[in-house]
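To start, the structure under review is shown below, and the notes come after it.
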Amino acid sequence: MKYAILDIGANSIRLCVYEGTKNNFKTLFTKKVMAGLAYYVKNDEMSNQGIIEASNVINEFKELVNNFNIENFHIFATASFRNITNTEFVVEEIEKLTGETIEVISGEDEALYGFTGAKLKVKAKSGIVIDIGGGSTEIVDFEKDKVNYAQSLPIGSLNLYSMYVSEFLPTDKEQRNIKNKIQKILKDVDIKQTNTICGVGGTIKAALKLTNSYFKLNKDNTIIKREQMEEIKKILLNKPQKAKNIIIKACPDRVHTIIPGILIVDEILKRTNAKEIVVSKYGVREGYLCQKIMQ
């Protein structure tokens with residue numbers, strides 16, 4: 001059986017099509033649009049233009065799904081809709097324009113789905129899972145395959161960029177403002193010490209692409225060493241021209257958001273004292289598929 005899942009995020013909208021059963025499925029194809037819905041949020045409300053942009057992308061993907069005769073089509077939204085004050089209105093309007101039902105998942109559920117997806121590929125028994133999206137960051141602490149806590153934080157790569165960055169890359173002052181915001185949000189979050197972090201989501205995958213490209217590693221490498229991240233961070237923050245070059249080469253679709261995202265990663269690495277990040281191919285969408293759809 002085939003399943004199509006559309007994930008509406010603050011930065012991108014991604015369609016993934018799967019085939020198989022809960023314990024044995026494969027990804028047939030994925031497609032994403034960098035819709036940047038966070039740009040359409042002012043005073044915590046999404047504008048009509050944002051509603052139209054989201055609806056147009058959904059209808060485009062809907063047509064693709066219909067062409068493949070996939071009946072199991074599910075749409076969920078994360079921080080893009082969760083963190084606005086007119087969520088109900090936005091969802092109702094988009095549903096009218098697309099004819100599709102949209103589920104807005106909670107921050108805790110997003111974190112748990114990310115954990116479930118990550119565990120399909122990463123076999124660590126204990127540690128933490130982080131998912132840095134455009135509008136939020138999820139952290140899951142787990143021990144012996146059991147979740148101790150799951151939480152969602154209101155900082156993401158795109159909303160930090162929107163709040164603090166005025167040009168292409170953040171200035172020294174803007175970098176400090178972003179760091180201060182991250183530290184303020186993480187100040188009261190109890191993150192345990194761990195040797196290895198499991199990372200999922202677009203920011204972490206972009207960081208892996210930067211690492212593999214810059215250090216000329218095999219594209220199948222899934223591990224980011226702490227010292228590698230430290231070297232890349234120094235370039236991104238202190239050498240603007242070189243930063244532009246390596247970003248455009250490795251992850252051009254993240255050109256505006258990768259530095260705020262890396263600063264979140266850096267702060268979590270410092271607080272956990274982790275030596276590496278293991279990047280999982282699977283994350284929230286696959287966790288949602290297994291827990292919610294393939295029951």
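Residue names in the structure tokens use chain letters A, B, ... in the order shown, residue numbers from 1 in each chain, and ligand numbers from 1 in the order shown.
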Give me, as an MDAnalysis selection string, the residues of stretch 1-173 of chain A that a backbone DSSP run labels alpha helix (DSSP H). chainID A and resid 48:67 79:82 87:98 107:119 157:164 172:173
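The shell of residues at most 7 Å from stretch 191-206 of chain A, with only C-alpha atoms counted and near chain neighbours (fewer than 2 positions) removed, consists of Ala118, Gly127, Ile128, Val129, Ile130, Asp131, Ile132, Gly133, Val189, Leu208, Lys209, Leu210, Cys251, Ile258, Gly261, Arg271, Thr272, Asn273, Ala274, Lys275, Glu276, Ile277, Val278, Val279, Ser280, Tyr282 and Gly283 of chain A.
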Name the closest residue to A:Ile94 among the candidates A:Glu110, A:Asp188, A:Asp7, A:Glu53; distances are taken between atoms, counting only C-alpha atoms.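 Closest candidate: A:Glu53.
Of the listed residues (A:Ile70, A:Ile84, A:Ala79, A:Ile224), A:Ala79 comes nearest to A:Gly135; the distances count only C-alpha atoms.
Checking A:Thr87, A:Thr78, A:Gln228, A:Ser162 one by one against A:Tyr39, counting only C-alpha atoms, you find the shortest gap at A:Ser162.
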Could you give me, as a ChimeraX atom specification, the residues within 10 Å of A:Leu97, counting only C-alpha atoms and dropping anything in the same chain fewer than 3 positions from it? /A:51-52,54-56,58-59,91-94,100
How would the residues just picked look written out with all heavy atoms as a PDB file, in the first residue's frame?
ATOM      1  N   ILE A  51      -1.645  32.219   3.624  1.00  0.00           N
ATOM      2  CA  ILE A  51      -2.684  31.205   3.415  1.00  0.00           C
ATOM      3  C   ILE A  51      -2.729  30.789   1.953  1.00  0.00           C
ATOM      4  O   ILE A  51      -2.802  29.599   1.624  1.00  0.00           O
ATOM      5  CB  ILE A  51      -4.058  31.754   3.871  1.00  0.00           C
ATOM      6  CG1 ILE A  51      -4.075  31.913   5.403  1.00  0.00           C
ATOM      7  CG2 ILE A  51      -5.192  30.847   3.405  1.00  0.00           C
ATOM      8  CD1 ILE A  51      -5.293  32.646   5.929  1.00  0.00           C
ATOM      9  N   ILE A  52      -2.667  31.766   1.060  1.00  0.00           N
ATOM     10  CA  ILE A  52      -2.705  31.480  -0.377  1.00  0.00           C
ATOM     11  C   ILE A  52      -1.458  30.703  -0.808  1.00  0.00           C
ATOM     12  O   ILE A  52      -1.544  29.739  -1.583  1.00  0.00           O
ATOM     13  CB  ILE A  52      -2.844  32.791  -1.183  1.00  0.00           C
ATOM     14  CG1 ILE A  52      -4.227  33.409  -0.929  1.00  0.00           C
ATOM     15  CG2 ILE A  52      -2.627  32.544  -2.671  1.00  0.00           C
ATOM     16  CD1 ILE A  52      -4.384  34.812  -1.455  1.00  0.00           C
ATOM     17  N   ALA A  54       0.469  28.720   1.019  1.00  0.00           N
ATOM     18  CA  ALA A  54       0.371  27.344   1.518  1.00  0.00           C
ATOM     19  C   ALA A  54      -0.634  26.541   0.691  1.00  0.00           C
ATOM     20  O   ALA A  54      -0.375  25.382   0.331  1.00  0.00           O
ATOM     21  CB  ALA A  54      -0.032  27.350   2.986  1.00  0.00           C
ATOM     22  N   SER A  55      -1.771  27.148   0.378  1.00  0.00           N
ATOM     23  CA  SER A  55      -2.816  26.456  -0.393  1.00  0.00           C
ATOM     24  C   SER A  55      -2.331  26.107  -1.790  1.00  0.00           C
ATOM     25  O   SER A  55      -2.604  25.006  -2.300  1.00  0.00           O
ATOM     26  CB  SER A  55      -4.074  27.331  -0.480  1.00  0.00           C
ATOM     27  OG  SER A  55      -4.588  27.615   0.808  1.00  0.00           O
ATOM     28  N   ASN A  56      -1.613  27.023  -2.426  1.00  0.00           N
ATOM     29  CA  ASN A  56      -1.093  26.755  -3.771  1.00  0.00           C
ATOM     30  C   ASN A  56      -0.129  25.575  -3.774  1.00  0.00           C
ATOM     31  O   ASN A  56      -0.170  24.726  -4.683  1.00  0.00           O
ATOM     32  CB  ASN A  56      -0.386  28.000  -4.321  1.00  0.00           C
ATOM     33  CG  ASN A  56      -1.354  29.097  -4.706  1.00  0.00           C
ATOM     34  OD1 ASN A  56      -2.542  28.841  -4.902  1.00  0.00           O
ATOM     35  ND2 ASN A  56      -0.865  30.318  -4.824  1.00  0.00           N
ATOM     36  N   ILE A  58      -0.003  23.115  -1.517  1.00  0.00           N
ATOM     37  CA  ILE A  58      -0.769  21.902  -1.215  1.00  0.00           C
ATOM     38  C   ILE A  58      -1.492  21.402  -2.458  1.00  0.00           C
ATOM     39  O   ILE A  58      -1.480  20.202  -2.770  1.00  0.00           O
ATOM     40  CB  ILE A  58      -1.774  22.163  -0.073  1.00  0.00           C
ATOM     41  CG1 ILE A  58      -1.023  22.398   1.244  1.00  0.00           C
ATOM     42  CG2 ILE A  58      -2.738  20.977   0.083  1.00  0.00           C
ATOM     43  CD1 ILE A  58      -1.894  22.905   2.375  1.00  0.00           C
ATOM     44  N   ASN A  59      -2.117  22.303  -3.205  1.00  0.00           N
ATOM     45  CA  ASN A  59      -2.835  21.897  -4.416  1.00  0.00           C
ATOM     46  C   ASN A  59      -1.892  21.334  -5.478  1.00  0.00           C
ATOM     47  O   ASN A  59      -2.247  20.404  -6.213  1.00  0.00           O
ATOM     48  CB  ASN A  59      -3.624  23.080  -4.979  1.00  0.00           C
ATOM     49  CG  ASN A  59      -4.914  23.334  -4.218  1.00  0.00           C
ATOM     50  OD1 ASN A  59      -5.538  22.409  -3.717  1.00  0.00           O
ATOM     51  ND2 ASN A  59      -5.306  24.595  -4.113  1.00  0.00           N
ATOM     52  N   VAL A  91      -6.266  27.303   9.226  1.00  0.00           N
ATOM     53  CA  VAL A  91      -6.568  25.916   8.849  1.00  0.00           C
ATOM     54  C   VAL A  91      -7.890  25.839   8.088  1.00  0.00           C
ATOM     55  O   VAL A  91      -7.992  25.172   7.051  1.00  0.00           O
ATOM     56  CB  VAL A  91      -6.596  25.002  10.086  1.00  0.00           C
ATOM     57  CG1 VAL A  91      -7.139  23.622   9.731  1.00  0.00           C
ATOM     58  CG2 VAL A  91      -5.198  24.875  10.689  1.00  0.00           C
ATOM     59  N   GLU A  92      -8.906  26.527   8.579  1.00  0.00           N
ATOM     60  CA  GLU A  92     -10.221  26.509   7.921  1.00  0.00           C
ATOM     61  C   GLU A  92     -10.138  27.061   6.497  1.00  0.00           C
ATOM     62  O   GLU A  92     -10.721  26.494   5.559  1.00  0.00           O
ATOM     63  CB  GLU A  92     -11.236  27.318   8.729  1.00  0.00           C
ATOM     64  CG  GLU A  92     -11.690  26.621  10.004  1.00  0.00           C
ATOM     65  CD  GLU A  92     -12.651  27.481  10.816  1.00  0.00           C
ATOM     66  OE1 GLU A  92     -12.888  28.652  10.417  1.00  0.00           O
ATOM     67  OE2 GLU A  92     -13.165  26.986  11.839  1.00  0.00           O
ATOM     68  N   GLU A  93      -9.418  28.165   6.322  1.00  0.00           N
ATOM     69  CA  GLU A  93      -9.306  28.776   4.995  1.00  0.00           C
ATOM     70  C   GLU A  93      -8.541  27.884   4.026  1.00  0.00           C
ATOM     71  O   GLU A  93      -8.923  27.738   2.857  1.00  0.00           O
ATOM     72  CB  GLU A  93      -8.620  30.146   5.105  1.00  0.00           C
ATOM     73  CG  GLU A  93      -9.460  31.213   5.781  1.00  0.00           C
ATOM     74  CD  GLU A  93     -10.773  31.454   5.067  1.00  0.00           C
ATOM     75  OE1 GLU A  93     -10.733  31.802   3.877  1.00  0.00           O
ATOM     76  OE2 GLU A  93     -11.838  31.276   5.694  1.00  0.00           O
ATOM     77  N   ILE A  94      -7.474  27.279   4.499  1.00  0.00           N
ATOM     78  CA  ILE A  94      -6.691  26.400   3.627  1.00  0.00           C
ATOM     79  C   ILE A  94      -7.488  25.155   3.264  1.00  0.00           C
ATOM     80  O   ILE A  94      -7.442  24.680   2.117  1.00  0.00           O
ATOM     81  CB  ILE A  94      -5.345  26.040   4.283  1.00  0.00           C
ATOM     82  CG1 ILE A  94      -4.459  27.293   4.387  1.00  0.00           C
ATOM     83  CG2 ILE A  94      -4.617  24.949   3.495  1.00  0.00           C
ATOM     84  CD1 ILE A  94      -3.159  27.081   5.111  1.00  0.00           C
ATOM     85  N   GLU A 100      -8.719  19.570   1.516  1.00  0.00           N
ATOM     86  CA  GLU A 100      -8.003  18.574   2.300  1.00  0.00           C
ATOM     87  C   GLU A 100      -8.040  18.926   3.794  1.00  0.00           C
ATOM     88  O   GLU A 100      -8.131  20.098   4.162  1.00  0.00           O
ATOM     89  CB  GLU A 100      -6.543  18.470   1.851  1.00  0.00           C
ATOM     90  CG  GLU A 100      -6.364  17.978   0.430  1.00  0.00           C
ATOM     91  CD  GLU A 100      -6.825  16.545   0.226  1.00  0.00           C
ATOM     92  OE1 GLU A 100      -6.755  15.761   1.191  1.00  0.00           O
ATOM     93  OE2 GLU A 100      -7.252  16.216  -0.890  1.00  0.00           O
TER      94      GLU A 100
END
Tell me, as number ranges by chain, which residues lie within 8 Å of A:His256, counting only C-alpha atoms; anything in the same chain fewer than 2 positions away does not count. A: 158, 161, 168-169, 254, 258-259
Any chance you can output those residues with N, CA, C and O atoms as a CSV table (one decimal), in the first residue's frame?
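Result file is again_15.csv:
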chain,number,residue,atom,x,y,z
A,158,LEU,N,14.5,29.5,10.9
A,158,LEU,CA,13.9,30.6,10.1
A,158,LEU,C,13.3,31.7,11.0
A,158,LEU,O,13.5,32.9,10.6
A,161,TYR,N,16.2,33.8,12.0
A,161,TYR,CA,16.6,34.7,10.9
A,161,TYR,C,15.7,35.8,10.7
A,161,TYR,O,16.1,37.0,10.5
A,168,PHE,N,21.9,39.3,4.0
A,168,PHE,CA,22.1,38.0,3.6
A,168,PHE,C,22.6,37.0,4.7
A,168,PHE,O,22.0,36.0,5.0
A,169,LEU,N,23.7,37.4,5.4
A,169,LEU,CA,24.2,36.7,6.5
A,169,LEU,C,24.2,37.6,7.7
A,169,LEU,O,24.3,38.8,7.6
A,254,ARG,N,19.3,26.5,2.0
A,254,ARG,CA,19.3,26.9,3.4
A,254,ARG,C,20.2,28.1,3.6
A,254,ARG,O,20.7,28.4,4.7
A,258,ILE,N,20.8,28.6,7.6
A,258,ILE,CA,21.7,27.7,8.1
A,258,ILE,C,22.5,28.2,9.3
A,258,ILE,O,22.8,27.5,10.3
A,259,ILE,N,22.9,29.5,9.3
A,259,ILE,CA,23.7,30.0,10.4
A,259,ILE,C,22.9,30.1,11.7
A,259,ILE,O,23.4,29.6,12.8
What does the distance from atom CA of A:Ile5 to atom CA of A:Gly107 come to in Å, to one decimal?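 Going from atom CA of A:Ile5 over to atom CA of A:Gly107 covers 18.2 Å.
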Residues of stretch 31-138 of chain A in strand (DSSP E) according to DSSP, as a VMD selection string? chain A and resid 31 to 33 41 to 42 45 to 46 72 to 77 102 to 104 127 to 132 137 to 138
Save the residues we just selected, C-alpha atoms, as a PDB file, in the first residue's frame?
ATOM      1  CA  LYS A  31       9.650  16.658  -3.104  1.00  0.00           C
ATOM      2  CA  LYS A  32       9.812  19.950  -1.257  1.00  0.00           C
ATOM      3  CA  VAL A  33       9.060  23.615  -1.768  1.00  0.00           C
ATOM      4  CA  VAL A  41       3.658  35.912  10.019  1.00  0.00           C
ATOM      5  CA  LYS A  42       3.347  39.358  11.560  1.00  0.00           C
ATOM      6  CA  GLU A  45      -0.731  36.055  12.805  1.00  0.00           C
ATOM      7  CA  MET A  46      -0.361  34.471   9.380  1.00  0.00           C
ATOM      8  CA  ASN A  72      -3.839   7.506   1.749  1.00  0.00           C
ATOM      9  CA  PHE A  73      -2.978  11.223   1.724  1.00  0.00           C
ATOM     10  CA  HIS A  74      -2.304  12.847   5.101  1.00  0.00           C
ATOM     11  CA  ILE A  75      -1.322  16.448   5.866  1.00  0.00           C
ATOM     12  CA  PHE A  76       0.079  17.776   9.114  1.00  0.00           C
ATOM     13  CA  ALA A  77       1.491  21.128  10.169  1.00  0.00           C
ATOM     14  CA  ILE A 102      -4.949  19.463   7.966  1.00  0.00           C
ATOM     15  CA  GLU A 103      -3.844  18.239  11.383  1.00  0.00           C
ATOM     16  CA  VAL A 104      -1.846  20.652  13.535  1.00  0.00           C
ATOM     17  CA  GLY A 127      20.781   9.747  24.623  1.00  0.00           C
ATOM     18  CA  ILE A 128      18.929  12.695  23.174  1.00  0.00           C
ATOM     19  CA  VAL A 129      17.252  13.376  19.844  1.00  0.00           C
ATOM     20  CA  ILE A 130      17.134  16.927  18.493  1.00  0.00           C
ATOM     21  CA  ASP A 131      15.071  18.249  15.608  1.00  0.00           C
ATOM     22  CA  ILE A 132      15.777  21.849  14.576  1.00  0.00           C
ATOM     23  CA  THR A 137      13.361  22.921  18.118  1.00  0.00           C
ATOM     24  CA  GLU A 138      12.341  19.589  19.633  1.00  0.00           C
TER      25      GLU A 138
END
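Excluding A:Pro240 itself and any same-chain residue fewer than 3 positions from it, the protein and nucleic acid residues within 10 Å of it, counting only C-alpha atoms, are Phe168, Leu169, Pro170, Thr171, Ile235, Leu236, Leu237, Ala243, Lys244 and Asn245 of chain A.
Within the 7 Å cut-off around A:Ala10, using only C-alpha atoms and omitting residues fewer than 2 positions from it on the same chain, the listed residues are Ile8, Ser12, Gly36, Leu37, Ala38, Ala79, Ser80, Gly134 and Gly135 of chain A.
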Between atom CA of A:Gly117 and atom CA of A:Val284, distance in Å (one decimal): 5.8 Å
Rank A:Glu167, A:Lys179, A:Ile246, A:Lys292 by their smallest atom-to-atom distance to A:Asn212, using only C-alpha atoms, and report the top residue only.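 Ranked by minimum distance to A:Asn212, first place goes to A:Ile246.
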Within 12 Å of A:Asp190, counting only C-alpha atoms, which residues qualify if same-chain residues fewer than 6 places away don't, as a PyMOL selection string? chain A and resi 128+139-141+148-151+268+271-272
Between A:Ser213, A:Thr27, A:Ser152, A:Ser47, which has the minimum distance to A:Glu108 (counting only C-alpha atoms)? A:Ser152
